[in-house]
$ cat query.csv   # CSV, C-alpha atoms
chain,number,residue,atom,x,y,z
X,128,MET,CA,38.1,144.3,-58.6
X,129,ASN,CA,41.6,144.5,-60.0
X,130,LYS,CA,43.4,147.8,-60.2
X,131,THR,CA,43.5,148.6,-64.0
X,132,ALA,CA,42.7,152.3,-64.1
X,133,LEU,CA,39.1,153.1,-65.1
X,134,TYR,CA,37.9,156.6,-65.8
X,135,ILE,CA,34.7,158.5,-65.8
X,136,THR,CA,34.6,160.5,-69.1
X,137,ALA,CA,31.0,161.7,-69.0
X,138,ALA,CA,28.2,162.0,-66.5
X,139,SER,CA,24.6,163.1,-66.7
X,140,THR,CA,22.0,163.3,-64.0
X,141,VAL,CA,18.3,164.3,-63.7
X,142,SER,CA,17.6,165.2,-60.1
X,143,HIS,CA,16.2,167.9,-57.9
X,144,GLN,CA,19.4,169.8,-58.4
X,145,PRO,CA,20.6,171.7,-61.5
X,146,THR,CA,22.7,168.7,-62.5
X,147,PHE,CA,21.7,168.1,-66.1
X,148,GLY,CA,24.1,169.6,-68.7
X,149,ASN,CA,25.6,171.8,-66.0
X,150,ALA,CA,29.3,171.0,-65.2
X,151,GLY,CA,30.3,172.6,-61.9
X,152,PHE,CA,26.9,172.1,-60.3
X,153,SER,CA,28.5,170.7,-57.2
X,154,ALA,CA,29.3,174.2,-56.0
X,155,ALA,CA,25.6,175.2,-56.0
X,156,LEU,CA,23.7,172.4,-54.2
X,157,GLY,CA,21.1,172.8,-51.5
X,158,PRO,CA,19.0,170.5,-49.5
X,159,VAL,CA,16.0,169.0,-51.3
X,160,GLY,CA,12.7,170.2,-49.8
X,161,ALA,CA,9.5,168.3,-49.8
X,162,ASP,CA,8.0,170.5,-52.5
X,163,HIS,CA,11.0,170.4,-54.8
X,164,ALA,CA,10.3,169.2,-58.3
X,165,LEU,CA,12.7,167.3,-60.5
X,166,ILE,CA,14.6,169.6,-62.8
X,167,SER,CA,14.0,168.0,-66.2
X,168,PRO,CA,15.6,168.8,-69.5
X,169,ASP,CA,13.5,169.4,-72.6
X,170,TYR,CA,13.1,165.7,-73.4
X,171,LYS,CA,12.0,166.5,-77.0
X,172,ALA,CA,15.6,167.6,-77.7
X,173,TYR,CA,16.7,164.0,-76.9
X,174,ILE,CA,13.9,161.7,-77.7
X,175,GLU,CA,11.9,161.3,-80.9
X,176,ALA,CA,8.2,162.4,-80.3
X,177,GLY,CA,6.8,159.0,-81.4
X,178,LEU,CA,8.8,157.3,-78.6
X,179,LEU,CA,8.5,160.0,-76.0
X,180,ARG,CA,4.7,159.8,-75.8
X,181,ARG,CA,4.9,156.3,-74.5
X,182,MET,CA,7.8,156.8,-72.1
X,183,SER,CA,7.3,157.1,-68.3
X,184,LYS,CA,9.4,159.4,-66.2
X,185,ILE,CA,12.1,156.8,-65.5
X,186,LEU,CA,12.5,156.0,-69.3
X,187,ARG,CA,12.7,159.7,-70.3
X,188,MET,CA,15.3,160.4,-67.6
X,189,SER,CA,17.4,157.4,-68.5
X,190,VAL,CA,17.4,157.9,-72.3
X,191,ALA,CA,18.0,161.7,-72.1
X,192,CYS,CA,20.9,161.1,-69.6
X,193,SER,CA,22.4,158.4,-71.8
X,194,LYS,CA,22.3,160.5,-74.9
X,195,GLU,CA,23.8,163.4,-73.1
X,196,CYS,CA,26.6,161.2,-71.8
X,197,ILE,CA,27.4,159.9,-75.3
X,198,ALA,CA,27.5,163.4,-76.6
X,199,GLN,CA,29.8,164.6,-73.8
X,200,ALA,CA,32.3,161.8,-74.2
X,201,GLY,CA,32.4,162.3,-77.9
X,202,ILE,CA,32.0,158.5,-78.7
X,203,GLY,CA,29.8,157.1,-81.4
X,204,GLN,CA,28.6,154.0,-79.5
X,205,PRO,CA,29.4,152.5,-76.2
X,206,ASP,CA,30.6,148.9,-76.2
X,207,ALA,CA,28.0,148.0,-73.6
X,208,ILE,CA,25.0,149.3,-71.7
X,209,VAL,CA,24.7,148.4,-68.1
X,210,VAL,CA,21.9,149.8,-65.9
X,211,GLY,CA,21.1,149.4,-62.2
X,212,THR,CA,17.6,149.9,-60.8
X,213,GLY,CA,16.2,149.1,-57.4
X,214,LEU,CA,12.5,149.0,-58.1
X,215,GLY,CA,12.3,149.4,-61.8
X,216,CYS,CA,9.6,151.0,-63.9
X,217,LEU,CA,7.0,151.5,-61.2
X,218,GLN,CA,4.8,154.0,-63.1
X,219,ASP,CA,4.1,151.5,-65.8
X,220,THR,CA,3.8,148.6,-63.4
X,221,GLU,CA,1.2,150.4,-61.3
X,222,LYS,CA,-0.7,151.4,-64.5
X,223,PHE,CA,-0.8,147.9,-65.8
X,224,LEU,CA,-1.8,146.4,-62.4
X,225,ASN,CA,-4.5,149.0,-61.9
X,226,THR,CA,-5.9,148.4,-65.4
X,227,SER,CA,-5.9,144.7,-64.8
X,228,LEU,CA,-8.0,145.2,-61.7
X,229,THR,CA,-10.5,147.6,-63.3
X,230,VAL,CA,-10.8,146.5,-66.9
X,231,GLU,CA,-12.4,143.3,-68.1
X,232,GLY,CA,-11.2,141.8,-71.3
X,233,LEU,CA,-8.1,142.9,-73.2
X,234,LEU,CA,-5.4,144.9,-71.4
X,235,PRO,CA,-3.4,147.7,-73.0
X,236,PRO,CA,0.0,146.4,-74.0
X,237,THR,CA,2.2,149.4,-73.6
X,238,SER,CA,2.3,149.6,-69.8
X,239,PHE,CA,2.8,145.8,-69.7
X,240,ILE,CA,5.7,145.9,-72.1
X,241,GLN,CA,7.3,148.8,-70.3
X,242,SER,CA,6.8,147.5,-66.8
X,243,THR,CA,9.9,145.3,-66.7
X,244,HIS,CA,13.0,146.3,-65.0
X,245,ASN,CA,15.2,146.1,-68.1
X,246,THR,CA,13.0,148.5,-70.1
X,247,MET,CA,15.5,151.4,-69.5
X,248,ALA,CA,18.5,149.5,-70.9
X,249,GLY,CA,16.3,148.3,-73.8
X,250,GLN,CA,15.0,151.8,-74.7
X,251,ILE,CA,18.5,153.3,-74.5
X,252,SER,CA,19.7,150.6,-76.8
X,253,LEU,CA,16.8,151.2,-79.3
X,254,SER,CA,17.2,155.0,-79.1
X,255,ILE,CA,20.9,155.0,-80.0
X,256,GLY,CA,20.9,151.8,-82.2
X,257,ASN,CA,23.2,149.9,-80.0
X,258,HIS,CA,23.6,146.1,-80.5
X,259,GLY,CA,26.2,145.5,-77.8
X,260,TYR,CA,26.0,143.8,-74.3
X,261,ASN,CA,22.8,145.0,-72.6
X,262,MET,CA,22.3,144.2,-68.9
X,263,THR,CA,20.2,145.3,-66.0
X,264,HIS,CA,21.1,144.7,-62.4
X,265,THR,CA,18.5,144.9,-59.7
X,266,GLN,CA,20.0,144.4,-56.2
X,267,ASN,CA,17.8,146.7,-54.1
X,268,THR,CA,20.0,149.6,-52.8
X,269,LEU,CA,23.2,148.1,-54.3
X,270,SER,CA,21.9,147.9,-57.8
X,271,PHE,CA,24.1,150.8,-59.1
X,272,GLU,CA,27.2,149.4,-57.5
X,273,HIS,CA,26.5,146.0,-59.1
X,274,ALA,CA,26.1,147.8,-62.5
X,275,LEU,CA,29.5,149.5,-61.8
X,276,LEU,CA,31.1,146.2,-61.0
X,277,ASP,CA,29.8,144.7,-64.2
X,278,ALA,CA,30.9,147.6,-66.3
X,279,SER,CA,34.4,147.4,-64.7
X,280,LEU,CA,34.7,143.7,-65.5
X,281,LEU,CA,33.8,144.5,-69.1
X,282,LEU,CA,36.4,147.1,-69.3
X,283,HIS,CA,39.0,144.8,-67.8
X,284,GLU,CA,38.1,142.3,-70.5
X,285,GLY,CA,38.8,144.7,-73.3
X,286,ASP,CA,35.8,147.0,-73.8
X,287,ARG,CA,36.8,150.6,-74.2
X,288,ASN,CA,33.7,152.6,-73.3
X,289,VAL,CA,30.7,151.4,-71.3
X,290,LEU,CA,27.5,153.3,-70.7
X,291,VAL,CA,26.6,152.6,-67.1
X,292,GLY,CA,24.0,154.2,-64.9
X,293,ALA,CA,21.0,153.9,-62.6
X,294,ALA,CA,17.5,155.1,-62.3
X,295,ASP,CA,14.5,154.8,-60.0
X,296,GLU,CA,11.1,156.5,-60.0
X,297,HIS,CA,8.8,157.4,-57.3
X,298,ILE,CA,5.1,156.6,-57.2
X,299,ASP,CA,2.7,157.6,-54.4
X,300,ILE,CA,2.2,154.2,-53.0
X,301,LEU,CA,5.9,154.2,-51.9
X,302,ASP,CA,5.1,156.8,-49.3
X,303,ASP,CA,2.6,154.3,-47.7
X,304,ILE,CA,5.1,151.4,-47.6
X,305,THR,CA,8.2,153.3,-46.6
X,306,GLY,CA,8.6,151.0,-43.6
X,307,GLN,CA,8.8,147.9,-45.8
X,308,LEU,CA,11.5,149.5,-48.0
X,309,ALA,CA,13.7,149.9,-44.9
X,310,PHE,CA,15.5,152.8,-46.4
X,311,GLU,CA,17.4,155.3,-44.4
X,312,THR,CA,15.0,158.2,-43.7
X,313,GLY,CA,15.6,161.8,-43.3
X,314,ALA,CA,14.7,163.0,-46.8
X,315,ALA,CA,11.7,162.6,-49.0
X,316,LEU,CA,11.4,159.5,-51.3
X,317,THR,CA,11.8,160.7,-54.9
X,318,SER,CA,13.1,159.8,-58.4
X,319,GLY,CA,16.4,160.2,-60.1
X,320,ALA,CA,18.7,159.0,-62.9
X,321,SER,CA,22.4,159.2,-63.4
X,322,PHE,CA,24.4,157.8,-66.3
X,323,PHE,CA,28.1,157.7,-67.0
X,324,ILE,CA,30.6,156.7,-69.6
X,325,LEU,CA,33.2,154.5,-67.9
X,326,SER,CA,36.3,154.2,-70.0
X,327,SER,CA,39.6,152.3,-69.9
X,328,GLU,CA,41.2,155.3,-71.5
X,329,ASN,CA,42.2,158.5,-69.9
X,330,THR,CA,41.0,161.1,-72.4
X,331,ALA,CA,40.6,164.9,-72.6
X,332,TYR,CA,37.1,164.3,-71.3
X,333,THR,CA,38.1,162.4,-68.1
X,334,MET,CA,36.4,163.7,-65.0
X,335,ALA,CA,37.8,161.3,-62.4
X,336,GLU,CA,39.3,157.9,-61.9
X,337,LEU,CA,37.1,155.2,-60.5
X,338,ALA,CA,39.6,153.6,-58.1
X,339,ASP,CA,37.5,150.8,-56.6
X,340,VAL,CA,34.0,149.5,-56.0
X,341,HIS,CA,33.0,147.0,-53.3
X,342,VAL,CA,29.6,145.6,-52.2
X,343,VAL,CA,28.7,143.7,-49.1
X,344,GLY,CA,25.2,142.1,-48.5
X,345,GLY,CA,24.3,141.4,-44.9
X,346,VAL,CA,27.0,143.6,-43.6
X,347,ALA,CA,28.0,143.2,-40.0
X,348,GLY,CA,30.4,146.1,-39.3
X,349,ILE,CA,30.2,149.0,-41.7
X,350,GLN,CA,33.2,150.9,-40.2
X,351,GLU,CA,35.4,147.8,-40.3
X,352,GLU,CA,34.4,147.0,-43.9
X,353,THR,CA,35.1,150.6,-44.8
X,354,ASP,CA,38.5,150.6,-43.1
X,355,ALA,CA,39.5,147.4,-44.8
X,356,PHE,CA,38.3,148.7,-48.3
X,357,LEU,CA,40.4,151.9,-47.8
X,358,GLY,CA,43.3,149.8,-46.6
X,359,ARG,CA,43.2,147.7,-49.8
X,360,ASN,CA,43.5,151.0,-51.7
X,361,GLY,CA,46.4,152.2,-49.6
X,362,LEU,CA,44.4,154.7,-47.6
X,363,ALA,CA,43.3,155.3,-44.1
X,364,THR,CA,40.1,157.2,-43.3
X,365,LYS,CA,42.1,160.3,-42.4
X,366,ASP,CA,43.4,160.3,-46.0
X,367,VAL,CA,39.9,160.7,-47.5
X,368,ASP,CA,39.1,164.3,-48.4
X,369,LEU,CA,35.4,163.8,-48.5
X,370,VAL,CA,32.9,161.0,-47.7
X,371,LEU,CA,29.5,161.1,-49.2
X,372,PHE,CA,27.3,158.8,-47.1
X,373,ALA,CA,23.9,157.4,-46.8
X,374,GLY,CA,23.4,155.8,-43.3
X,375,ASN,CA,26.0,156.9,-40.8
X,376,PRO,CA,29.1,159.1,-41.3
X,377,VAL,CA,32.5,157.4,-41.5
X,378,ASP,CA,34.6,157.9,-38.3
X,379,GLY,CA,37.9,159.6,-38.8
X,380,ALA,CA,37.1,161.2,-42.3
X,381,LEU,CA,38.0,164.8,-42.8
X,382,LYS,CA,34.5,165.7,-44.0
X,383,ASN,CA,31.3,163.7,-44.1
X,384,VAL,CA,28.3,164.9,-46.3
X,385,PRO,CA,25.0,163.1,-46.2
X,386,TYR,CA,24.1,162.9,-49.9
X,387,LEU,CA,20.5,161.9,-49.5
X,388,ALA,CA,19.7,165.4,-48.3
X,389,LEU,CA,20.8,166.6,-51.7
X,390,SER,CA,19.4,163.8,-53.9
X,391,GLY,CA,16.3,162.7,-52.0
X,392,VAL,CA,15.8,159.0,-51.2
X,393,TYR,CA,15.7,156.4,-53.9
X,394,ALA,CA,17.3,153.0,-54.2
X,395,THR,CA,20.0,154.1,-56.6
X,396,ALA,CA,20.8,157.5,-55.1
X,397,SER,CA,24.4,156.5,-54.8
X,398,ALA,CA,24.6,157.1,-58.6
X,399,PHE,CA,23.8,160.8,-57.9
X,400,ALA,CA,26.6,160.8,-55.3
X,401,LEU,CA,29.0,159.4,-57.9
X,402,HIS,CA,28.2,162.3,-60.3
X,403,TYR,CA,28.4,164.8,-57.4
X,404,ALA,CA,31.8,163.4,-56.5
X,405,ALA,CA,33.1,163.4,-60.1
X,406,ASP,CA,31.9,167.0,-60.6
X,407,LEU,CA,33.6,168.1,-57.4
X,408,LEU,CA,36.9,166.4,-58.2
X,409,GLN,CA,37.0,168.4,-61.5
X,410,ALA,CA,35.9,171.7,-60.0
X,411,ASP,CA,37.8,171.7,-56.7
X,412,ARG,CA,41.5,170.8,-56.9
X,413,GLY,CA,41.7,170.7,-53.1
X,414,VAL,CA,39.7,167.5,-53.2
X,415,ARG,CA,41.8,164.5,-54.3
X,416,ASN,CA,39.6,161.6,-53.4
X,417,VAL,CA,36.0,160.9,-52.5
X,418,LEU,CA,34.5,157.9,-50.8
X,419,ILE,CA,30.9,157.1,-51.4
X,420,CYS,CA,29.6,155.0,-48.5
X,421,ASN,CA,26.1,153.7,-49.4
X,422,ALA,CA,24.3,152.2,-46.5
X,423,LEU,CA,20.8,153.4,-47.6
X,424,ARG,CA,19.6,150.0,-46.3
X,425,GLU,CA,21.4,149.2,-43.1
X,426,SER,CA,22.1,145.6,-44.1
X,427,ASN,CA,23.6,146.5,-47.5
X,428,LEU,CA,26.9,148.3,-48.0
X,429,GLY,CA,28.3,149.8,-51.2
X,430,LEU,CA,31.7,151.5,-51.2
X,431,THR,CA,33.0,153.5,-54.2
X,432,LEU,CA,36.3,155.3,-54.3
X,433,LEU,CA,37.0,158.1,-56.7
X,434,ARG,CA,40.3,159.8,-57.3
X,435,THR,CA,41.3,162.9,-59.1
X,436,VAL,CA,43.2,162.5,-62.3
X,437,GLU,CA,46.5,164.3,-62.5
X,438,ALA,CA,46.9,166.5,-65.5
O,222,MET,CA,-20.1,166.8,-86.8
O,223,ASP,CA,-20.2,163.0,-86.5
O,224,SER,CA,-20.1,162.4,-82.7
O,225,LEU,CA,-18.8,158.8,-83.1
O,226,LYS,CA,-15.8,160.1,-85.1
O,227,GLU,CA,-15.3,162.9,-82.5
O,228,ASP,CA,-15.3,160.4,-79.7
O,229,LEU,CA,-12.9,158.1,-81.6
O,230,LYS,CA,-10.4,160.9,-82.0
O,231,LYS,CA,-10.6,161.7,-78.3
O,232,GLN,CA,-10.2,158.1,-77.4
O,233,ILE,CA,-7.2,157.6,-79.8
O,234,ILE,CA,-5.5,160.7,-78.3
O,235,GLU,CA,-6.0,159.4,-74.8
O,236,GLN,CA,-5.2,155.7,-75.4
O,237,LEU,CA,-2.1,156.4,-77.4
O,238,ASN,CA,-0.8,159.3,-75.4
O,239,LEU,CA,-0.7,161.6,-78.4
O,240,GLU,CA,0.1,164.5,-76.1
O,241,ASP,CA,0.7,167.1,-78.9
O,242,LEU,CA,-2.5,166.4,-80.9
O,243,THR,CA,-6.0,167.7,-80.5
O,244,VAL,CA,-9.2,166.4,-82.1
O,245,ALA,CA,-9.0,169.2,-84.7
O,246,ASP,CA,-5.5,167.9,-85.8
O,247,ILE,CA,-6.9,164.5,-86.9
O,248,ALA,CA,-8.7,164.6,-90.2
O,249,ASP,CA,-11.4,162.0,-90.7
O,250,ASP,CA,-9.6,160.4,-93.6
O,251,ALA,CA,-6.0,160.8,-92.3
O,252,LEU,CA,-4.1,157.5,-92.6
O,253,LEU,CA,-3.4,156.3,-89.1
O,254,PHE,CA,-0.4,154.1,-89.9
O,255,ASN,CA,1.4,156.3,-92.4
O,256,ASP,CA,4.0,159.0,-91.7
O,257,GLN,CA,2.0,161.5,-93.7
O,258,GLY,CA,-0.9,160.8,-91.3
O,259,LEU,CA,-0.5,159.9,-87.6
O,260,GLY,CA,2.5,157.6,-88.0
O,261,LEU,CA,1.3,154.9,-85.7
O,262,ASP,CA,3.1,151.6,-85.2
O,263,SER,CA,2.4,148.0,-84.4
O,264,ILE,CA,2.1,148.6,-80.6
O,265,ASP,CA,-0.4,151.3,-81.4
O,266,ALA,CA,-2.4,148.7,-83.4
O,267,LEU,CA,-2.7,146.6,-80.3
O,268,GLU,CA,-3.8,149.6,-78.3
O,269,LEU,CA,-6.5,150.3,-80.9
O,270,ILE,CA,-7.8,146.7,-80.5
O,271,VAL,CA,-8.0,147.4,-76.8
O,272,LEU,CA,-9.7,150.7,-77.5
O,273,LEU,CA,-12.4,149.0,-79.6
O,274,GLU,CA,-13.3,146.6,-76.8
O,275,LYS,CA,-12.9,149.1,-73.9
O,276,TYR,CA,-15.1,151.9,-75.4
O,277,HIS,CA,-17.3,150.1,-77.9
O,278,GLY,CA,-17.5,146.5,-76.7
O,279,ILE,CA,-16.2,145.2,-80.0
O,280,GLN,CA,-13.7,142.4,-80.1
O,281,LEU,CA,-11.5,142.3,-83.2
O,282,VAL,CA,-10.1,138.9,-83.7
O,283,ASN,CA,-9.4,138.7,-87.4
O,284,PRO,CA,-6.2,140.6,-88.3
O,285,GLU,CA,-7.4,141.1,-91.9
O,286,GLU,CA,-10.4,143.1,-90.6
O,287,GLY,CA,-8.0,145.2,-88.5
O,288,LYS,CA,-6.0,146.2,-91.5
O,289,GLU,CA,-9.1,147.6,-93.2
O,290,ALA,CA,-10.8,149.0,-90.0
O,291,PHE,CA,-7.7,150.9,-88.7
O,292,LYS,CA,-6.9,152.8,-91.9
O,293,SER,CA,-8.5,156.0,-90.7
O,294,VAL,CA,-11.0,157.4,-88.3
O,295,ASP,CA,-13.5,157.2,-91.1
O,296,THR,CA,-13.0,153.4,-91.5
O,297,MET,CA,-12.9,152.8,-87.8
O,298,ALA,CA,-16.3,154.5,-87.4
O,299,ALA,CA,-17.7,152.5,-90.4
O,300,TYR,CA,-16.4,149.3,-88.8
O,301,ILE,CA,-18.0,150.1,-85.4
O,302,ARG,CA,-21.3,150.9,-87.1
O,303,LYS,CA,-21.2,147.7,-89.1
O,304,ARG,CA,-20.4,145.5,-86.1
O,305,LYS,CA,-23.1,147.1,-84.0
O,306,ALA,CA,-25.7,146.7,-86.7
O,307,ALA,CA,-24.9,143.0,-87.2
$ encode --input "query.csv" --output "structure tokens"
Amino acid sequence: MNKTALYITAASTVSHQPTFGNAGFSAALGPVGADHALISPDYKAYIEAGLLRRMSKILRMSVACSKECIAQAGIGQPDAIVVGTGLGCLQDTEKFLNTSLTVEGLLPPTSFIQSTHNTMAGQISLSIGNHGYNMTHTQNTLSFEHALLDASLLLHEGDRNVLVGAADEHIDILDDITGQLAFETGAALTSGASFFILSSENTAYTMAELADVHVVGGVAGIQEETDAFLGRNGLATKDVDLVLFAGNPVDGALKNVPYLALSGVYATASAFALHYAADLLQADRGVRNVLICNALRESNLGLTLLRTVEA
Amino acid sequence: MDSLKEDLKKQIIEQLNLEDLTVADIADDALLFNDQGLGLDSIDALELIVLLEKYHGIQLVNPEEGKEAFKSVDTMAAYIRKRKAA
């Protein structure tokens, strides 16, 4: 990724934490317990009733976060919509497959239509009447980082504002196949959605600068990759004020925080970490940069570096 | 009350996820595909075709029949009775 400055000018998350429509939430986070429910907004305030009745959890979260982001950033339409999702619309997929096993004859179309991974990006586009670039990336635990890379490339090519985000939803069967997912354990599997406006312009709404994003599939040495990534950005690990990590902490960093304990576990939880980092950079002037080190799956590494924006 | 129409209203609410409606909210002659009525759309029409087969064992293959049958709960009930009597 080249070094043209990119900025996060809006962020919105539905999670177990009081993240939605609540700037400064990073000061009041606690570990997610097994019995914690998602803190959802009043979806009727964001989605027309006729559309809402068909939407599964992942669609409601994604559309509400997207609309909230667009309102926050004060832009009419983003130039592009880019979404990352690890496992896609599982609720509708499960519903369609269960129906196909139990019903003879015609199958209900709604769950089939909405079972595809790109339904979020499509529904966002329909909800806001956007006719721009519309893309979905699904790369397991690196889906969000790939979406960020795509959004960054678009901005480098001349787009001004890109709506980029990620969402995943939990269904019960995931608890039975946790082993096959090969995710880092330590917190409960859950759902979440985070969306952002990534902009090429530093505006009054800017929360943080997205300094760099890097992904490595089949990673051999996480610490070595991390050191090299920081080096390319003129930093050593001791220069990083905060590391938000999934997997193992980064040796030599001033402070390591395991973000899965705050977000719960889902394939795109690093998007929660990005919102957390951006919120913290705005709220706490003592934090100048944050590294998100996503090794939710041991073989995949996503590195995202955020910097504070000087006034 | 006509139990077939009552059942149809329950089935429509369930099949189409009309979360905010109850049976009492749907008049027998309310237009299903009109904003003054239920405001259903083309995806709902497909769901109604599935509903007919799932709950009443009726396959609707002629789109022209569907236009007439899906006007209201009244016309749906009449269509079901006609097909079952045939």
$ interface_residues --input "query.csv" --of "chain O" --to "chain X" --cutoff "9 Å" --atoms "only C-alpha atoms" --output "PyMOL selection string"
chain O and resi 236-241+260-261+264-265+267-272+274-275+280
$ atom_distance --input "query.csv" --atom1 "CA of Leu214 in chain X" --atom2 "CA of Val159 in chain X"
21.4 Å
$ residues_around --input "query.csv" --residues "range 250-254 of chain O" --least-positions-apart "6" --cutoff "10 Å" --atoms "all atoms listed in the file" --output "PyMOL selection string"
chain O and resi 260-263+265-266+288+291-296
$ write_last_selection --input "query.csv" --atoms "C-alpha atoms" --output "PDB file, in the frame of the given file"
ATOM      1  CA  GLY O 260       2.500 157.600 -88.000  1.00  0.00           C
ATOM      2  CA  LEU O 261       1.300 154.900 -85.700  1.00  0.00           C
ATOM      3  CA  ASP O 262       3.100 151.600 -85.200  1.00  0.00           C
ATOM      4  CA  SER O 263       2.400 148.000 -84.400  1.00  0.00           C
ATOM      5  CA  ASP O 265      -0.400 151.300 -81.400  1.00  0.00           C
ATOM      6  CA  ALA O 266      -2.400 148.700 -83.400  1.00  0.00           C
ATOM      7  CA  LYS O 288      -6.000 146.200 -91.500  1.00  0.00           C
ATOM      8  CA  PHE O 291      -7.700 150.900 -88.700  1.00  0.00           C
ATOM      9  CA  LYS O 292      -6.900 152.800 -91.900  1.00  0.00           C
ATOM     10  CA  SER O 293      -8.500 156.000 -90.700  1.00  0.00           C
ATOM     11  CA  VAL O 294     -11.000 157.400 -88.300  1.00  0.00           C
ATOM     12  CA  ASP O 295     -13.500 157.200 -91.100  1.00  0.00           C
ATOM     13  CA  THR O 296     -13.000 153.400 -91.500  1.00  0.00           C
TER      14      THR O 296
END
$ residues_around --input "query.csv" --residues "Asn288 in chain X" --least-positions-apart "2" --cutoff "7 Å" --atoms "all atoms listed in the file" --output "VMD selection string"
chain X and resid 205 to 206 286 290 324 to 327
$ residues_near_point --input "query.csv" --point "(22.4, 147.8, -56.0)" --cutoff "12 Å" --atoms "only C-alpha atoms" --output "ChimeraX atom specification"
/X:210-215,263-277,292-295,340-344,393-398,421-424,427-430
$ atom_distance --input "query.csv" --atom1 "CA of Ile298 in chain X" --atom2 "CA of Gln250 in chain X"
20.7 Å
$ decode --input "query.csv" --residues "range 222-239 of chain X" --atoms "N, CA and C atoms" --output "mmCIF file, in the first residue's frame"
data_model
loop_
_atom_site.group_PDB
_atom_site.id
_atom_site.type_symbol
_atom_site.label_atom_id
_atom_site.label_comp_id
_atom_site.auth_asym_id
_atom_site.auth_seq_id
_atom_site.Cartn_x
_atom_site.Cartn_y
_atom_site.Cartn_z
ATOM 1 N N LYS X 222 -31.456 -21.319 7.230
ATOM 2 C CA LYS X 222 -32.908 -21.404 7.035
ATOM 3 C C LYS X 222 -33.223 -22.051 5.684
ATOM 4 N N PHE X 223 -32.520 -21.618 4.661
ATOM 5 C CA PHE X 223 -32.772 -22.176 3.323
ATOM 6 C C PHE X 223 -32.439 -23.666 3.281
ATOM 7 N N LEU X 224 -31.274 -24.030 3.851
ATOM 8 C CA LEU X 224 -30.870 -25.440 3.797
ATOM 9 C C LEU X 224 -31.810 -26.315 4.624
ATOM 10 N N ASN X 225 -32.218 -25.834 5.796
ATOM 11 C CA ASN X 225 -33.155 -26.602 6.614
ATOM 12 C C ASN X 225 -34.480 -26.793 5.887
ATOM 13 N N THR X 226 -34.947 -25.733 5.218
ATOM 14 C CA THR X 226 -36.211 -25.837 4.490
ATOM 15 C C THR X 226 -36.083 -26.825 3.343
ATOM 16 N N SER X 227 -34.946 -26.798 2.678
ATOM 17 C CA SER X 227 -34.777 -27.700 1.532
ATOM 18 C C SER X 227 -34.738 -29.165 1.975
ATOM 19 N N LEU X 228 -34.361 -29.388 3.238
ATOM 20 C CA LEU X 228 -34.337 -30.761 3.753
ATOM 21 C C LEU X 228 -35.710 -31.227 4.191
ATOM 22 N N THR X 229 -36.556 -30.295 4.630
ATOM 23 C CA THR X 229 -37.822 -30.691 5.242
ATOM 24 C C THR X 229 -39.052 -30.453 4.363
ATOM 25 N N VAL X 230 -38.917 -29.588 3.362
ATOM 26 C CA VAL X 230 -40.087 -29.250 2.546
ATOM 27 C C VAL X 230 -39.951 -29.876 1.167
ATOM 28 N N GLU X 231 -41.005 -30.521 0.734
ATOM 29 C CA GLU X 231 -41.020 -31.029 -0.634
ATOM 30 C C GLU X 231 -41.670 -29.983 -1.521
ATOM 31 N N GLY X 232 -41.199 -29.873 -2.734
ATOM 32 C CA GLY X 232 -41.803 -28.902 -3.651
ATOM 33 C C GLY X 232 -41.074 -27.579 -3.619
ATOM 34 N N LEU X 233 -41.833 -26.500 -3.808
ATOM 35 C CA LEU X 233 -41.221 -25.172 -3.908
ATOM 36 C C LEU X 233 -40.570 -24.742 -2.605
ATOM 37 N N LEU X 234 -39.457 -24.024 -2.735
ATOM 38 C CA LEU X 234 -38.765 -23.507 -1.555
ATOM 39 C C LEU X 234 -38.959 -22.003 -1.471
ATOM 40 N N PRO X 235 -39.080 -21.452 -0.256
ATOM 41 C CA PRO X 235 -39.280 -20.005 -0.130
ATOM 42 C C PRO X 235 -38.061 -19.243 -0.666
ATOM 43 N N PRO X 236 -38.294 -18.213 -1.474
ATOM 44 C CA PRO X 236 -37.176 -17.548 -2.154
ATOM 45 C C PRO X 236 -36.350 -16.608 -1.278
ATOM 46 N N THR X 237 -36.972 -16.014 -0.247
ATOM 47 C CA THR X 237 -36.285 -14.941 0.476
ATOM 48 C C THR X 237 -34.971 -15.413 1.102
ATOM 49 N N SER X 238 -35.024 -16.539 1.814
ATOM 50 C CA SER X 238 -33.798 -16.989 2.479
ATOM 51 C C SER X 238 -32.737 -17.397 1.464
ATOM 52 N N PHE X 239 -33.174 -17.905 0.305
ATOM 53 C CA PHE X 239 -32.199 -18.243 -0.750
ATOM 54 C C PHE X 239 -31.529 -16.973 -1.282
#
